[in-house]
Amino acid sequence: MSFKEIAPQEVAERLNKGETLIMLDVREPGEWMEGHIAGANHIPLCELDSRHEELDPTQEIIVICRSGNRSGKACELLNEKGFKVINMTGGLNAWTDKLVRN
């Protein structure tokens, strides 16, 4: 494993300071609808291999899922394609800040 990890609390702190973060949520559409971090992009893990060109390889991307497992798989896949990725450990299960629902 050659990608970095970040705690949900650190992501929330950085967002609350007004920092612009590139975030990718790889959960399924139903999970996304239940709630996600404002500003996150959504590409389900099962579509990531065919849709990774929608992402900017020059930007550092924080990858998010429910528990940190699927985001770890997504990080491996994107890392192999040359992306700079950070896995948000614990996923949204560990997220304590606000979520957007739609």
# chains A, B, ... in the order shown; residues from 1 in each chain; ligands from 1
call {"tool": "select_by_dssp", "arguments": {"residues": "chain A", "states": "strand (DSSP E)", "output": "PyMOL selection string"}}
result
chain A and resi 4-6+22-25+41-42+60-64+84-88
call {"tool": "write_last_selection", "arguments": {"atoms": "N, CA and C atoms", "output": "mmCIF file, in the first residue's frame"}}
result
data_model
loop_
_atom_site.group_PDB
_atom_site.id
_atom_site.type_symbol
_atom_site.label_atom_id
_atom_site.label_comp_id
_atom_site.auth_asym_id
_atom_site.auth_seq_id
_atom_site.Cartn_x
_atom_site.Cartn_y
_atom_site.Cartn_z
ATOM 1 N N LYS A 4 -1.498 7.574 1.028
ATOM 2 C CA LYS A 4 -1.634 8.149 2.360
ATOM 3 C C LYS A 4 -3.031 7.896 2.913
ATOM 4 N N GLU A 5 -3.160 8.125 4.216
ATOM 5 C CA GLU A 5 -4.465 8.022 4.868
ATOM 6 C C GLU A 5 -4.730 9.316 5.619
ATOM 7 N N ILE A 6 -6.014 9.619 5.811
ATOM 8 C CA ILE A 6 -6.408 10.808 6.552
ATOM 9 C C ILE A 6 -7.610 10.458 7.420
ATOM 10 N N ILE A 22 -10.389 18.025 -2.968
ATOM 11 C CA ILE A 22 -10.952 17.166 -4.012
ATOM 12 C C ILE A 22 -11.302 15.853 -3.320
ATOM 13 N N MET A 23 -12.609 15.542 -3.285
ATOM 14 C CA MET A 23 -13.068 14.333 -2.598
ATOM 15 C C MET A 23 -13.854 13.467 -3.567
ATOM 16 N N LEU A 24 -13.666 12.169 -3.441
ATOM 17 C CA LEU A 24 -14.359 11.202 -4.286
ATOM 18 C C LEU A 24 -15.057 10.189 -3.395
ATOM 19 N N ASP A 25 -16.372 10.118 -3.515
ATOM 20 C CA ASP A 25 -17.178 9.159 -2.753
ATOM 21 C C ASP A 25 -17.437 7.967 -3.671
ATOM 22 N N ASN A 41 -17.269 14.455 -5.137
ATOM 23 C CA ASN A 41 -17.676 13.868 -6.411
ATOM 24 C C ASN A 41 -18.163 12.451 -6.119
ATOM 25 N N HIS A 42 -19.041 11.925 -6.966
ATOM 26 C CA HIS A 42 -19.562 10.580 -6.735
ATOM 27 C C HIS A 42 -19.330 9.700 -7.952
ATOM 28 N N GLU A 60 -4.588 16.077 -5.646
ATOM 29 C CA GLU A 60 -4.644 15.056 -4.596
ATOM 30 C C GLU A 60 -6.125 14.789 -4.299
ATOM 31 N N ILE A 61 -6.514 13.524 -4.309
ATOM 32 C CA ILE A 61 -7.919 13.149 -4.162
ATOM 33 C C ILE A 61 -8.115 12.372 -2.859
ATOM 34 N N ILE A 62 -9.057 12.838 -2.035
ATOM 35 C CA ILE A 62 -9.414 12.117 -0.811
ATOM 36 C C ILE A 62 -10.561 11.178 -1.181
ATOM 37 N N VAL A 63 -10.359 9.878 -0.965
ATOM 38 C CA VAL A 63 -11.358 8.879 -1.360
ATOM 39 C C VAL A 63 -12.140 8.426 -0.130
ATOM 40 N N ILE A 64 -13.473 8.389 -0.288
ATOM 41 C CA ILE A 64 -14.394 8.166 0.824
ATOM 42 C C ILE A 64 -15.352 7.025 0.508
ATOM 43 N N LYS A 84 -2.794 10.711 -7.325
ATOM 44 C CA LYS A 84 -2.357 10.968 -5.948
ATOM 45 C C LYS A 84 -3.601 10.840 -5.073
ATOM 46 N N VAL A 85 -3.667 9.785 -4.281
ATOM 47 C CA VAL A 85 -4.885 9.516 -3.509
ATOM 48 C C VAL A 85 -4.600 9.407 -2.011
ATOM 49 N N ILE A 86 -5.638 9.748 -1.228
ATOM 50 C CA ILE A 86 -5.583 9.622 0.225
ATOM 51 C C ILE A 86 -6.855 8.898 0.648
ATOM 52 N N ASN A 87 -6.713 7.815 1.418
ATOM 53 C CA ASN A 87 -7.870 7.073 1.903
ATOM 54 C C ASN A 87 -8.370 7.694 3.205
ATOM 55 N N MET A 88 -9.663 8.040 3.253
ATOM 56 C CA MET A 88 -10.243 8.533 4.503
ATOM 57 C C MET A 88 -10.589 7.331 5.372
#
call {"tool": "atom_distance", "arguments": {"atom1": "atom CA of A:Ala38", "atom2": "atom CA of A:Leu78"}}
result
22.0 Å
call {"tool": "atom_distance", "arguments": {"atom1": "atom CA of A:Arg101", "atom2": "atom CA of A:Asp56"}}
result
25.3 Å
call {"tool": "residues_around", "arguments": {"residues": "A:Leu92", "least_positions_apart": "5", "cutoff": "12 Å", "atoms": "only C-alpha atoms", "output": "PyMOL selection string"}}
result
chain A and resi 7-9+11-12+25-27+31-32+34-37+63-71+87+97-99
call {"tool": "write_last_selection", "arguments": {"atoms": "N, CA, C and O atoms", "output": "compact mmCIF listing (two decimals), in the first residue's frame"}}
result
# COMPACT_ATOMS: atom_id res chain seq x y z
N ALA A 7 -7.67 11.02 8.61
CA ALA A 7 -8.80 10.78 9.51
C ALA A 7 -9.97 11.69 9.11
O ALA A 7 -9.76 12.81 8.66
N PRO A 8 -11.21 11.21 9.28
CA PRO A 8 -12.38 12.02 8.94
C PRO A 8 -12.37 13.38 9.66
O PRO A 8 -12.77 14.39 9.09
N GLN A 9 -11.90 13.39 10.89
CA GLN A 9 -11.86 14.63 11.67
C GLN A 9 -10.97 15.67 11.00
O GLN A 9 -11.27 16.86 11.00
N VAL A 11 -10.30 15.83 7.75
CA VAL A 11 -11.00 16.29 6.55
C VAL A 11 -12.01 17.37 6.94
O VAL A 11 -12.08 18.44 6.32
N ALA A 12 -12.80 17.11 7.99
CA ALA A 12 -13.81 18.07 8.45
C ALA A 12 -13.17 19.39 8.87
O ALA A 12 -13.65 20.47 8.51
N ASP A 25 -16.37 10.12 -3.52
CA ASP A 25 -17.18 9.16 -2.75
C ASP A 25 -17.44 7.97 -3.67
O ASP A 25 -17.97 8.13 -4.77
N VAL A 26 -17.03 6.76 -3.24
CA VAL A 26 -17.16 5.58 -4.10
C VAL A 26 -18.27 4.63 -3.65
O VAL A 26 -18.34 3.49 -4.08
N ARG A 27 -19.18 5.15 -2.81
CA ARG A 27 -20.30 4.30 -2.37
C ARG A 27 -21.35 4.16 -3.47
O ARG A 27 -21.32 4.84 -4.48
N GLU A 31 -26.56 4.83 -1.13
CA GLU A 31 -25.81 5.32 0.03
C GLU A 31 -25.52 6.82 -0.13
O GLU A 31 -25.61 7.59 0.82
N TRP A 32 -25.16 7.22 -1.35
CA TRP A 32 -24.87 8.63 -1.67
C TRP A 32 -26.10 9.49 -1.35
O TRP A 32 -25.99 10.55 -0.76
N GLU A 34 -28.43 8.96 0.76
CA GLU A 34 -28.69 9.03 2.21
C GLU A 34 -27.88 10.13 2.88
O GLU A 34 -28.24 10.60 3.94
N GLY A 35 -26.77 10.51 2.27
CA GLY A 35 -25.97 11.59 2.82
C GLY A 35 -24.53 11.50 2.36
O GLY A 35 -23.97 10.41 2.27
N HIS A 36 -23.95 12.67 2.02
CA HIS A 36 -22.56 12.72 1.57
C HIS A 36 -21.95 14.05 1.99
O HIS A 36 -22.66 14.97 2.39
N ILE A 37 -20.65 14.14 1.87
CA ILE A 37 -19.94 15.36 2.23
C ILE A 37 -20.12 16.38 1.10
O ILE A 37 -19.95 16.05 -0.07
N VAL A 63 -10.36 9.88 -0.97
CA VAL A 63 -11.36 8.88 -1.36
C VAL A 63 -12.14 8.43 -0.13
O VAL A 63 -11.57 8.12 0.91
N ILE A 64 -13.47 8.39 -0.29
CA ILE A 64 -14.39 8.17 0.82
C ILE A 64 -15.35 7.02 0.51
O ILE A 64 -15.85 6.92 -0.62
N CYS A 65 -15.66 6.21 1.52
CA CYS A 65 -16.75 5.24 1.41
C CYS A 65 -17.44 5.15 2.77
O CYS A 65 -17.34 6.06 3.59
N ARG A 66 -18.13 4.05 3.05
CA ARG A 66 -18.85 3.93 4.31
C ARG A 66 -17.92 3.62 5.47
O ARG A 66 -18.02 4.22 6.53
N SER A 67 -16.98 2.70 5.25
CA SER A 67 -16.15 2.26 6.38
C SER A 67 -14.65 2.36 6.13
O SER A 67 -13.86 2.12 7.02
N GLY A 68 -14.24 2.68 4.90
CA GLY A 68 -12.81 2.76 4.58
C GLY A 68 -12.31 1.59 3.76
O GLY A 68 -11.19 1.60 3.28
N ASN A 69 -13.14 0.57 3.58
CA ASN A 69 -12.75 -0.63 2.86
C ASN A 69 -12.77 -0.41 1.34
O ASN A 69 -11.77 -0.60 0.65
N ARG A 70 -13.93 0.01 0.81
CA ARG A 70 -14.04 0.25 -0.64
C ARG A 70 -13.14 1.41 -1.07
O ARG A 70 -12.57 1.38 -2.16
N SER A 71 -13.01 2.43 -0.20
CA SER A 71 -12.13 3.55 -0.58
C SER A 71 -10.68 3.07 -0.67
O SER A 71 -9.92 3.56 -1.50
N ASN A 87 -6.71 7.82 1.42
CA ASN A 87 -7.87 7.07 1.90
C ASN A 87 -8.37 7.69 3.21
O ASN A 87 -7.60 7.88 4.14
N ASP A 97 -19.16 15.30 11.21
CA ASP A 97 -19.59 16.62 10.74
C ASP A 97 -20.86 16.47 9.91
O ASP A 97 -21.39 15.37 9.76
N LYS A 98 -21.35 17.57 9.36
CA LYS A 98 -22.62 17.54 8.65
C LYS A 98 -22.50 16.85 7.28
O LYS A 98 -21.44 16.82 6.68
N LEU A 99 -23.64 16.32 6.84
CA LEU A 99 -23.73 15.67 5.53
C LEU A 99 -24.85 16.35 4.72
O LEU A 99 -25.78 16.91 5.29
call {"tool": "closest_residue", "arguments": {"among": "A:Phe3, A:Thr58, A:Glu10, A:Gly18", "to": "A:Lys73", "atoms": "only C-alpha atoms"}}
result
A:Phe3
call {"tool": "closest_residue", "arguments": {"among": "A:Lys81, A:Met33, A:Asn93, A:Thr20", "to": "A:Leu48", "atoms": "only C-alpha atoms"}}
result
A:Lys81
call {"tool": "atom_distance", "arguments": {"atom1": "atom CA of A:Thr96", "atom2": "atom CA of A:Pro29"}}
result
21.0 Å
